[in-house]
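Okay, my_file.cif now, which holds mmCIF, N, CA and C atoms, pLDDT in the B column; chains and numbers go by the auth columns:
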```cif
data_final
#
loop_
_atom_site.group_PDB
_atom_site.id
_atom_site.type_symbol
_atom_site.label_atom_id
_atom_site.label_comp_id
_atom_site.label_asym_id
_atom_site.label_seq_id
_atom_site.Cartn_x
_atom_site.Cartn_y
_atom_site.Cartn_z
_atom_site.B_iso_or_equiv
_atom_site.auth_seq_id
_atom_site.auth_asym_id
ATOM 1 N N MET A 1 82.050 94.935 71.039 46.00 1 A
ATOM 2 C CA MET A 1 82.799 95.778 71.940 46.00 1 A
ATOM 3 C C MET A 1 82.105 97.124 72.045 46.00 1 A
ATOM 4 N N THR A 2 82.223 97.718 73.197 53.00 2 A
ATOM 5 C CA THR A 2 81.640 99.032 73.404 53.00 2 A
ATOM 6 C C THR A 2 82.714 100.102 73.270 53.00 2 A
ATOM 7 N N ASP A 3 82.279 101.332 73.127 56.00 3 A
ATOM 8 C CA ASP A 3 83.222 102.435 73.025 56.00 3 A
ATOM 9 C C ASP A 3 83.809 102.818 74.382 56.00 3 A
ATOM 10 N N SER A 4 83.169 102.383 75.455 57.00 4 A
ATOM 11 C CA SER A 4 83.637 102.709 76.798 57.00 4 A
ATOM 12 C C SER A 4 84.891 101.908 77.136 57.00 4 A
ATOM 13 N N PRO A 5 85.944 102.573 77.672 66.00 5 A
ATOM 14 C CA PRO A 5 87.150 101.838 78.028 66.00 5 A
ATOM 15 C C PRO A 5 86.979 100.997 79.288 66.00 5 A
ATOM 16 N N VAL A 6 85.916 101.223 80.039 60.00 6 A
ATOM 17 C CA VAL A 6 85.691 100.519 81.297 60.00 6 A
ATOM 18 C C VAL A 6 84.458 99.630 81.159 60.00 6 A
ATOM 19 N N GLN A 7 84.618 98.365 81.501 59.00 7 A
ATOM 20 C CA GLN A 7 83.494 97.443 81.473 59.00 7 A
ATOM 21 C C GLN A 7 82.618 97.690 82.700 59.00 7 A
ATOM 22 N N PRO A 8 81.322 97.427 82.640 62.00 8 A
ATOM 23 C CA PRO A 8 80.427 97.723 83.759 62.00 8 A
ATOM 24 C C PRO A 8 80.800 97.024 85.065 62.00 8 A
ATOM 25 N N GLU A 9 81.388 95.833 85.002 74.00 9 A
ATOM 26 C CA GLU A 9 81.689 95.102 86.220 74.00 9 A
ATOM 27 C C GLU A 9 83.035 95.504 86.845 74.00 9 A
ATOM 28 N N GLU A 10 83.826 96.321 86.153 84.00 10 A
ATOM 29 C CA GLU A 10 85.126 96.724 86.681 84.00 10 A
ATOM 30 C C GLU A 10 84.983 97.853 87.691 84.00 10 A
ATOM 31 N N LYS A 11 85.759 97.755 88.757 91.00 11 A
ATOM 32 C CA LYS A 11 85.757 98.813 89.765 91.00 11 A
ATOM 33 C C LYS A 11 86.734 99.904 89.350 91.00 11 A
ATOM 34 N N ILE A 12 86.410 101.119 89.726 95.00 12 A
ATOM 35 C CA ILE A 12 87.265 102.267 89.454 95.00 12 A
ATOM 36 C C ILE A 12 87.742 102.827 90.787 95.00 12 A
ATOM 37 N N VAL A 13 89.018 103.189 90.860 96.00 13 A
ATOM 38 C CA VAL A 13 89.535 103.839 92.054 96.00 13 A
ATOM 39 C C VAL A 13 90.038 105.228 91.676 96.00 13 A
ATOM 40 N N ARG A 14 89.795 106.179 92.558 97.00 14 A
ATOM 41 C CA ARG A 14 90.251 107.555 92.384 97.00 14 A
ATOM 42 C C ARG A 14 91.457 107.751 93.301 97.00 14 A
ATOM 43 N N ILE A 15 92.580 108.174 92.721 98.00 15 A
ATOM 44 C CA ILE A 15 93.835 108.309 93.450 98.00 15 A
ATOM 45 C C ILE A 15 94.243 109.779 93.443 98.00 15 A
ATOM 46 N N THR A 16 94.536 110.319 94.624 98.00 16 A
ATOM 47 C CA THR A 16 94.949 111.710 94.764 98.00 16 A
ATOM 48 C C THR A 16 96.297 111.768 95.470 98.00 16 A
ATOM 49 N N LEU A 17 97.215 112.520 94.908 98.00 17 A
ATOM 50 C CA LEU A 17 98.538 112.705 95.519 98.00 17 A
ATOM 51 C C LEU A 17 98.407 113.760 96.621 98.00 17 A
ATOM 52 N N VAL A 18 98.584 113.347 97.875 98.00 18 A
ATOM 53 C CA VAL A 18 98.388 114.257 99.001 98.00 18 A
ATOM 54 C C VAL A 18 99.692 114.617 99.703 98.00 18 A
ATOM 55 N N LYS A 19 100.780 113.928 99.376 97.00 19 A
ATOM 56 C CA LYS A 19 102.073 114.235 99.984 97.00 19 A
ATOM 57 C C LYS A 19 103.144 114.148 98.898 97.00 19 A
ATOM 58 N N SER A 20 104.095 115.044 98.946 97.00 20 A
ATOM 59 C CA SER A 20 105.132 115.105 97.927 97.00 20 A
ATOM 60 C C SER A 20 106.072 113.902 98.019 97.00 20 A
ATOM 61 N N PRO A 21 106.475 113.358 96.857 96.00 21 A
ATOM 62 C CA PRO A 21 107.429 112.252 96.867 96.00 21 A
ATOM 63 C C PRO A 21 108.881 112.716 97.033 96.00 21 A
ATOM 64 N N ILE A 22 109.114 114.024 97.150 96.00 22 A
ATOM 65 C CA ILE A 22 110.470 114.534 97.372 96.00 22 A
ATOM 66 C C ILE A 22 110.989 113.970 98.691 96.00 22 A
ATOM 67 N N GLY A 23 112.192 113.453 98.669 97.00 23 A
ATOM 68 C CA GLY A 23 112.788 112.882 99.869 97.00 23 A
ATOM 69 C C GLY A 23 112.574 111.389 99.998 97.00 23 A
ATOM 70 N N TYR A 24 111.811 110.809 99.083 97.00 24 A
ATOM 71 C CA TYR A 24 111.600 109.359 99.074 97.00 24 A
ATOM 72 C C TYR A 24 112.438 108.740 97.967 97.00 24 A
ATOM 73 N N THR A 25 112.449 107.436 97.904 97.00 25 A
ATOM 74 C CA THR A 25 113.313 106.740 96.959 97.00 25 A
ATOM 75 C C THR A 25 112.883 106.967 95.506 97.00 25 A
ATOM 76 N N LYS A 26 113.801 106.691 94.597 97.00 26 A
ATOM 77 C CA LYS A 26 113.501 106.811 93.167 97.00 26 A
ATOM 78 C C LYS A 26 112.363 105.873 92.781 97.00 26 A
ATOM 79 N N ARG A 27 112.309 104.736 93.439 97.00 27 A
ATOM 80 C CA ARG A 27 111.261 103.764 93.145 97.00 27 A
ATOM 81 C C ARG A 27 109.881 104.332 93.486 97.00 27 A
ATOM 82 N N HIS A 28 109.776 105.032 94.614 97.00 28 A
ATOM 83 C CA HIS A 28 108.502 105.651 94.990 97.00 28 A
ATOM 84 C C HIS A 28 108.125 106.753 93.999 97.00 28 A
ATOM 85 N N LYS A 29 109.106 107.567 93.627 97.00 29 A
ATOM 86 C CA LYS A 29 108.849 108.643 92.670 97.00 29 A
ATOM 87 C C LYS A 29 108.405 108.079 91.324 97.00 29 A
ATOM 88 N N ALA A 30 109.042 106.991 90.893 97.00 30 A
ATOM 89 C CA ALA A 30 108.683 106.370 89.614 97.00 30 A
ATOM 90 C C ALA A 30 107.279 105.784 89.663 97.00 30 A
ATOM 91 N N THR A 31 106.901 105.250 90.796 97.00 31 A
ATOM 92 C CA THR A 31 105.554 104.685 90.938 97.00 31 A
ATOM 93 C C THR A 31 104.502 105.787 90.868 97.00 31 A
ATOM 94 N N VAL A 32 104.770 106.912 91.516 97.00 32 A
ATOM 95 C CA VAL A 32 103.849 108.051 91.459 97.00 32 A
ATOM 96 C C VAL A 32 103.683 108.510 90.018 97.00 32 A
ATOM 97 N N ARG A 33 104.782 108.623 89.279 97.00 33 A
ATOM 98 C CA ARG A 33 104.722 109.062 87.879 97.00 33 A
ATOM 99 C C ARG A 33 104.011 108.031 87.009 97.00 33 A
ATOM 100 N N ALA A 34 104.217 106.742 87.290 97.00 34 A
ATOM 101 C CA ALA A 34 103.578 105.685 86.509 97.00 34 A
ATOM 102 C C ALA A 34 102.065 105.710 86.676 97.00 34 A
ATOM 103 N N LEU A 35 101.605 106.190 87.814 97.00 35 A
ATOM 104 C CA LEU A 35 100.162 106.318 88.042 97.00 35 A
ATOM 105 C C LEU A 35 99.581 107.537 87.327 97.00 35 A
ATOM 106 N N GLY A 36 100.438 108.383 86.778 97.00 36 A
ATOM 107 C CA GLY A 36 99.974 109.564 86.064 97.00 36 A
ATOM 108 C C GLY A 36 99.849 110.788 86.948 97.00 36 A
ATOM 109 N N LEU A 37 100.459 110.737 88.116 97.00 37 A
ATOM 110 C CA LEU A 37 100.386 111.866 89.039 97.00 37 A
ATOM 111 C C LEU A 37 101.618 112.747 88.877 97.00 37 A
ATOM 112 N N ARG A 38 101.393 114.029 88.612 97.00 38 A
ATOM 113 C CA ARG A 38 102.501 114.956 88.402 97.00 38 A
ATOM 114 C C ARG A 38 102.552 116.039 89.467 97.00 38 A
ATOM 115 N N ARG A 39 101.395 116.473 89.956 97.00 39 A
ATOM 116 C CA ARG A 39 101.344 117.591 90.895 97.00 39 A
ATOM 117 C C ARG A 39 100.598 117.208 92.159 97.00 39 A
ATOM 118 N N MET A 40 100.862 117.943 93.203 97.00 40 A
ATOM 119 C CA MET A 40 100.152 117.742 94.460 97.00 40 A
ATOM 120 C C MET A 40 98.656 117.967 94.245 97.00 40 A
ATOM 121 N N HIS A 41 97.847 117.178 94.892 98.00 41 A
ATOM 122 C CA HIS A 41 96.386 117.252 94.862 98.00 41 A
ATOM 123 C C HIS A 41 95.802 116.969 93.484 98.00 41 A
ATOM 124 N N GLN A 42 96.591 116.390 92.599 98.00 42 A
ATOM 125 C CA GLN A 42 96.073 115.944 91.308 98.00 42 A
ATOM 126 C C GLN A 42 95.381 114.612 91.522 98.00 42 A
ATOM 127 N N THR A 43 94.283 114.410 90.824 98.00 43 A
ATOM 128 C CA THR A 43 93.499 113.191 90.963 98.00 43 A
ATOM 129 C C THR A 43 93.415 112.476 89.625 98.00 43 A
ATOM 130 N N VAL A 44 93.600 111.155 89.664 97.00 44 A
ATOM 131 C CA VAL A 44 93.447 110.319 88.476 97.00 44 A
ATOM 132 C C VAL A 44 92.549 109.138 88.830 97.00 44 A
ATOM 133 N N GLU A 45 91.953 108.545 87.804 96.00 45 A
ATOM 134 C CA GLU A 45 91.109 107.368 88.003 96.00 45 A
ATOM 135 C C GLU A 45 91.685 106.213 87.200 96.00 45 A
ATOM 136 N N HIS A 46 91.730 105.047 87.831 96.00 46 A
ATOM 137 C CA HIS A 46 92.247 103.832 87.190 96.00 46 A
ATOM 138 C C HIS A 46 91.309 102.670 87.490 96.00 46 A
ATOM 139 N N VAL A 47 91.343 101.667 86.617 95.00 47 A
ATOM 140 C CA VAL A 47 90.611 100.424 86.848 95.00 47 A
ATOM 141 C C VAL A 47 91.335 99.662 87.948 95.00 47 A
ATOM 142 N N ASP A 48 90.584 99.153 88.899 94.00 48 A
ATOM 143 C CA ASP A 48 91.143 98.441 90.046 94.00 48 A
ATOM 144 C C ASP A 48 91.629 97.056 89.617 94.00 48 A
ATOM 145 N N THR A 49 92.946 96.855 89.666 94.00 49 A
ATOM 146 C CA THR A 49 93.556 95.575 89.314 94.00 49 A
ATOM 147 C C THR A 49 94.555 95.191 90.408 94.00 49 A
ATOM 148 N N PRO A 50 94.954 93.942 90.467 95.00 50 A
ATOM 149 C CA PRO A 50 95.960 93.551 91.460 95.00 50 A
ATOM 150 C C PRO A 50 97.282 94.302 91.299 95.00 50 A
ATOM 151 N N SER A 51 97.697 94.565 90.075 96.00 51 A
ATOM 152 C CA SER A 51 98.953 95.293 89.878 96.00 51 A
ATOM 153 C C SER A 51 98.833 96.738 90.359 96.00 51 A
ATOM 154 N N LEU A 52 97.678 97.347 90.144 97.00 52 A
ATOM 155 C CA LEU A 52 97.454 98.701 90.649 97.00 52 A
ATOM 156 C C LEU A 52 97.463 98.710 92.173 97.00 52 A
ATOM 157 N N ARG A 53 96.837 97.726 92.784 96.00 53 A
ATOM 158 C CA ARG A 53 96.817 97.649 94.251 96.00 53 A
ATOM 159 C C ARG A 53 98.234 97.491 94.807 96.00 53 A
ATOM 160 N N GLY A 54 99.093 96.766 94.100 96.00 54 A
ATOM 161 C CA GLY A 54 100.481 96.637 94.532 96.00 54 A
ATOM 162 C C GLY A 54 101.215 97.966 94.473 96.00 54 A
ATOM 163 N N MET A 55 100.955 98.752 93.428 97.00 55 A
ATOM 164 C CA MET A 55 101.566 100.073 93.318 97.00 55 A
ATOM 165 C C MET A 55 101.073 100.983 94.440 97.00 55 A
ATOM 166 N N LEU A 56 99.790 100.916 94.725 97.00 56 A
ATOM 167 C CA LEU A 56 99.221 101.749 95.777 97.00 56 A
ATOM 168 C C LEU A 56 99.733 101.336 97.153 97.00 56 A
ATOM 169 N N TYR A 57 99.978 100.061 97.347 97.00 57 A
ATOM 170 C CA TYR A 57 100.528 99.581 98.615 97.00 57 A
ATOM 171 C C TYR A 57 101.923 100.173 98.849 97.00 57 A
ATOM 172 N N LEU A 58 102.705 100.282 97.773 97.00 58 A
ATOM 173 C CA LEU A 58 104.055 100.807 97.878 97.00 58 A
ATOM 174 C C LEU A 58 104.071 102.279 98.286 97.00 58 A
ATOM 175 N N ILE A 59 103.107 103.055 97.797 97.00 59 A
ATOM 176 C CA ILE A 59 103.117 104.500 98.067 97.00 59 A
ATOM 177 C C ILE A 59 101.887 104.943 98.853 97.00 59 A
ATOM 178 N N ASN A 60 101.357 104.061 99.692 96.00 60 A
ATOM 179 C CA ASN A 60 100.126 104.393 100.420 96.00 60 A
ATOM 180 C C ASN A 60 100.289 105.582 101.365 96.00 60 A
ATOM 181 N N HIS A 61 101.515 105.927 101.733 97.00 61 A
ATOM 182 C CA HIS A 61 101.751 107.077 102.592 97.00 61 A
ATOM 183 C C HIS A 61 101.751 108.395 101.815 97.00 61 A
ATOM 184 N N LEU A 62 101.707 108.331 100.482 97.00 62 A
ATOM 185 C CA LEU A 62 101.737 109.528 99.641 97.00 62 A
ATOM 186 C C LEU A 62 100.400 109.831 98.976 97.00 62 A
ATOM 187 N N VAL A 63 99.520 108.860 98.915 98.00 63 A
ATOM 188 C CA VAL A 63 98.278 109.030 98.160 98.00 63 A
ATOM 189 C C VAL A 63 97.049 108.748 99.021 98.00 63 A
ATOM 190 N N GLU A 64 95.922 109.226 98.518 97.00 64 A
ATOM 191 C CA GLU A 64 94.624 108.934 99.121 97.00 64 A
ATOM 192 C C GLU A 64 93.817 108.192 98.059 97.00 64 A
ATOM 193 N N VAL A 65 93.226 107.077 98.429 97.00 65 A
ATOM 194 C CA VAL A 65 92.516 106.221 97.481 97.00 65 A
ATOM 195 C C VAL A 65 91.062 106.104 97.896 97.00 65 A
ATOM 196 N N GLU A 66 90.159 106.241 96.906 96.00 66 A
ATOM 197 C CA GLU A 66 88.738 106.022 97.174 96.00 66 A
ATOM 198 C C GLU A 66 88.125 105.306 95.976 96.00 66 A
ATOM 199 N N GLU A 67 87.143 104.475 96.272 94.00 67 A
ATOM 200 C CA GLU A 67 86.447 103.767 95.196 94.00 67 A
ATOM 201 C C GLU A 67 85.342 104.654 94.658 94.00 67 A
ATOM 202 N N VAL A 68 85.206 104.658 93.331 91.00 68 A
ATOM 203 C CA VAL A 68 84.190 105.465 92.677 91.00 68 A
ATOM 204 C C VAL A 68 82.945 104.609 92.521 91.00 68 A
ATOM 205 N N LYS A 69 81.811 105.131 92.941 82.00 69 A
ATOM 206 C CA LYS A 69 80.555 104.395 92.830 82.00 69 A
ATOM 207 C C LYS A 69 79.669 105.055 91.784 82.00 69 A
ATOM 208 N N GLY A 70 78.844 104.250 91.144 58.00 70 A
ATOM 209 C CA GLY A 70 77.920 104.764 90.139 58.00 70 A
ATOM 210 C C GLY A 70 78.601 105.182 88.855 58.00 70 A
ATOM 211 N N GLN A 71 79.705 104.548 88.503 58.00 71 A
ATOM 212 C CA GLN A 71 80.429 104.867 87.290 58.00 71 A
ATOM 213 C C GLN A 71 79.637 104.355 86.084 58.00 71 A
ATOM 214 N N GLN A 72 79.437 105.225 85.094 56.00 72 A
ATOM 215 C CA GLN A 72 78.724 104.807 83.881 56.00 72 A
ATOM 216 C C GLN A 72 79.472 105.211 82.658 56.00 72 A
#
```
Show how you would write the structure in this file as C-alpha cells.
Amino acid sequence: MTDSPVQPEEKIVRITLVKSPIGYTKRHKATVRALGLRRMHQTVEHVDTPSLRGMLYLINHLVEVEEVKGQQ
C-alpha cells in the first residue's frame, strides 16, 4: 500500500459551492454539508465515484464541478 490516499487510476473532481443552499430543502443542505462544503466559494476535492456523482446530480444547481488533471 502507498501512503497516498488516491490511487493513480482514480479520477479526482474539484467541487466549488457557487450558490447558497439557503431556501432549498433540508436534503439539499445536508448534501452540501456531506460534501464538506461550509462556505460560499469553498472548494473541495473528492475521488470520483458513482455515489459522489449522485450527490452532485442532486445539487448541480448549487455547485461547479471540474475534473482535476495531472494529480500526483
(request) For CA of Met40 in chain A and CA of Leu52 in chain A, determine how far apart the two atoms are, in Å to one decimal place. (result)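 Pair CA of Met40 in chain A / CA of Leu52 in chain A returns 19.6 Å.
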(request) List the neighbours of Glu66 in chain A out to 8 Å using all atoms listed in the file; skip same-chain residues closer than 4 positions along the sequence, and give me the result as a PyMOL selection string. (result) chain A and resi 12-16
(request) Give me every helix (DSSP H, G or I) residue in chain A, going by DSSP on the backbone, as an MDAnalysis selection string. (result) chainID A and resid 26:34 50:58
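Shell of Thr31 in chain A at 12 Å, with only C-alpha atoms counted and residues fewer than 3 places along the chain excluded, is Leu17, Pro21, Tyr24, Thr25, Lys26, Arg27, His28, Ala34, Leu35, Gly36, Leu37, Arg38, Ser51, Leu52, Arg53, Gly54, Met55, Leu56, Tyr57, Leu58, Ile59, Asn60, Leu62 and Val63 of chain A.
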(message) Just checking: using all atoms listed in the file, which residue out of A:Lys69, A:Lys19, A:Arg33, A:Lys11 ends up closest to Val47 in chain A?
(response) A:Lys11
(request) Using backbone DSSP assignments, extract all strand (DSSP E or B) residues from chain A; output them as a PyMOL selection string. (result) chain A and resi 12-17+43-47+63-68
Can I get a file of chain A from the given structure, C-alpha atoms kept, as an mmCIF file, in the first residue's frame?
```cif
data_model
loop_
_atom_site.group_PDB
_atom_site.id
_atom_site.type_symbol
_atom_site.label_atom_id
_atom_site.label_comp_id
_atom_site.auth_asym_id
_atom_site.auth_seq_id
_atom_site.Cartn_x
_atom_site.Cartn_y
_atom_site.Cartn_z
ATOM 1 C CA MET A 1 0.000 0.000 0.000
ATOM 2 C CA THR A 2 1.121 3.522 -0.649
ATOM 3 C CA ASP A 3 0.859 6.496 1.654
ATOM 4 C CA SER A 4 -1.219 8.367 -0.927
ATOM 5 C CA PRO A 5 -4.981 8.236 -0.264
ATOM 6 C CA VAL A 6 -5.660 8.381 -4.015
ATOM 7 C CA GLN A 7 -4.700 5.592 -6.386
ATOM 8 C CA PRO A 8 -3.144 6.702 -9.710
ATOM 9 C CA GLU A 9 -6.060 5.428 -11.807
ATOM 10 C CA GLU A 10 -8.743 7.221 -9.748
ATOM 11 C CA LYS A 11 -10.201 10.447 -11.067
ATOM 12 C CA ILE A 12 -10.420 13.495 -8.838
ATOM 13 C CA VAL A 13 -13.158 16.109 -9.072
ATOM 14 C CA ARG A 14 -12.949 19.636 -7.676
ATOM 15 C CA ILE A 15 -16.270 20.908 -6.297
ATOM 16 C CA THR A 16 -16.947 24.583 -5.548
ATOM 17 C CA LEU A 17 -20.061 25.942 -3.845
ATOM 18 C CA VAL A 18 -21.194 28.822 -6.076
ATOM 19 C CA LYS A 19 -24.762 29.360 -4.841
ATOM 20 C CA SER A 20 -26.121 29.387 -1.305
ATOM 21 C CA PRO A 21 -28.285 26.444 -0.213
ATOM 22 C CA ILE A 22 -30.485 28.837 1.822
ATOM 23 C CA GLY A 23 -34.052 28.495 0.599
ATOM 24 C CA TYR A 24 -33.592 24.927 -0.629
ATOM 25 C CA THR A 25 -34.702 21.723 1.037
ATOM 26 C CA LYS A 26 -33.031 20.180 4.078
ATOM 27 C CA ARG A 27 -31.933 17.332 1.846
ATOM 28 C CA HIS A 28 -30.007 19.718 -0.428
ATOM 29 C CA LYS A 29 -28.412 21.448 2.559
ATOM 30 C CA ALA A 30 -27.406 18.085 4.046
ATOM 31 C CA THR A 31 -25.850 17.007 0.760
ATOM 32 C CA VAL A 32 -23.792 20.207 0.577
ATOM 33 C CA ARG A 33 -22.553 19.629 4.145
ATOM 34 C CA ALA A 34 -21.817 15.950 3.432
ATOM 35 C CA LEU A 35 -19.517 17.046 0.616
ATOM 36 C CA GLY A 36 -17.571 19.131 3.136
ATOM 37 C CA LEU A 37 -18.737 22.494 1.853
ATOM 38 C CA ARG A 38 -19.405 25.096 4.538
ATOM 39 C CA ARG A 39 -18.938 28.495 2.889
ATOM 40 C CA MET A 40 -19.600 30.106 -0.447
ATOM 41 C CA HIS A 41 -16.759 29.690 -2.964
ATOM 42 C CA GLN A 42 -15.140 26.982 -0.846
ATOM 43 C CA THR A 43 -13.531 24.249 -2.911
ATOM 44 C CA VAL A 44 -13.048 20.591 -2.002
ATOM 45 C CA GLU A 45 -11.627 17.634 -3.908
ATOM 46 C CA HIS A 46 -13.114 14.134 -3.865
ATOM 47 C CA VAL A 47 -12.464 10.845 -5.646
ATOM 48 C CA ASP A 48 -14.953 10.435 -8.488
ATOM 49 C CA THR A 49 -17.375 7.625 -7.589
ATOM 50 C CA PRO A 50 -20.943 6.800 -8.622
ATOM 51 C CA SER A 51 -22.247 7.815 -5.192
ATOM 52 C CA LEU A 52 -20.470 11.167 -5.441
ATOM 53 C CA ARG A 53 -21.928 11.725 -8.912
ATOM 54 C CA GLY A 54 -25.401 11.070 -7.484
ATOM 55 C CA MET A 55 -24.838 13.700 -4.797
ATOM 56 C CA LEU A 56 -23.608 16.173 -7.390
ATOM 57 C CA TYR A 57 -26.624 15.471 -9.599
ATOM 58 C CA LEU A 58 -28.913 16.400 -6.703
ATOM 59 C CA ILE A 59 -27.255 19.783 -6.104
ATOM 60 C CA ASN A 60 -25.896 20.574 -9.571
ATOM 61 C CA HIS A 61 -27.599 23.988 -9.448
ATOM 62 C CA LEU A 62 -25.540 24.946 -6.357
ATOM 63 C CA VAL A 63 -22.060 23.734 -7.263
ATOM 64 C CA GLU A 64 -19.477 23.918 -10.016
ATOM 65 C CA VAL A 65 -17.631 20.687 -10.819
ATOM 66 C CA GLU A 66 -14.365 20.232 -12.700
ATOM 67 C CA GLU A 67 -12.084 17.264 -13.187
ATOM 68 C CA VAL A 68 -8.545 17.641 -11.898
ATOM 69 C CA LYS A 69 -5.846 16.601 -14.349
ATOM 70 C CA GLY A 70 -2.254 15.689 -13.585
ATOM 71 C CA GLN A 71 -2.973 14.664 -10.000
ATOM 72 C CA GLN A 72 0.070 13.093 -8.325
#
```
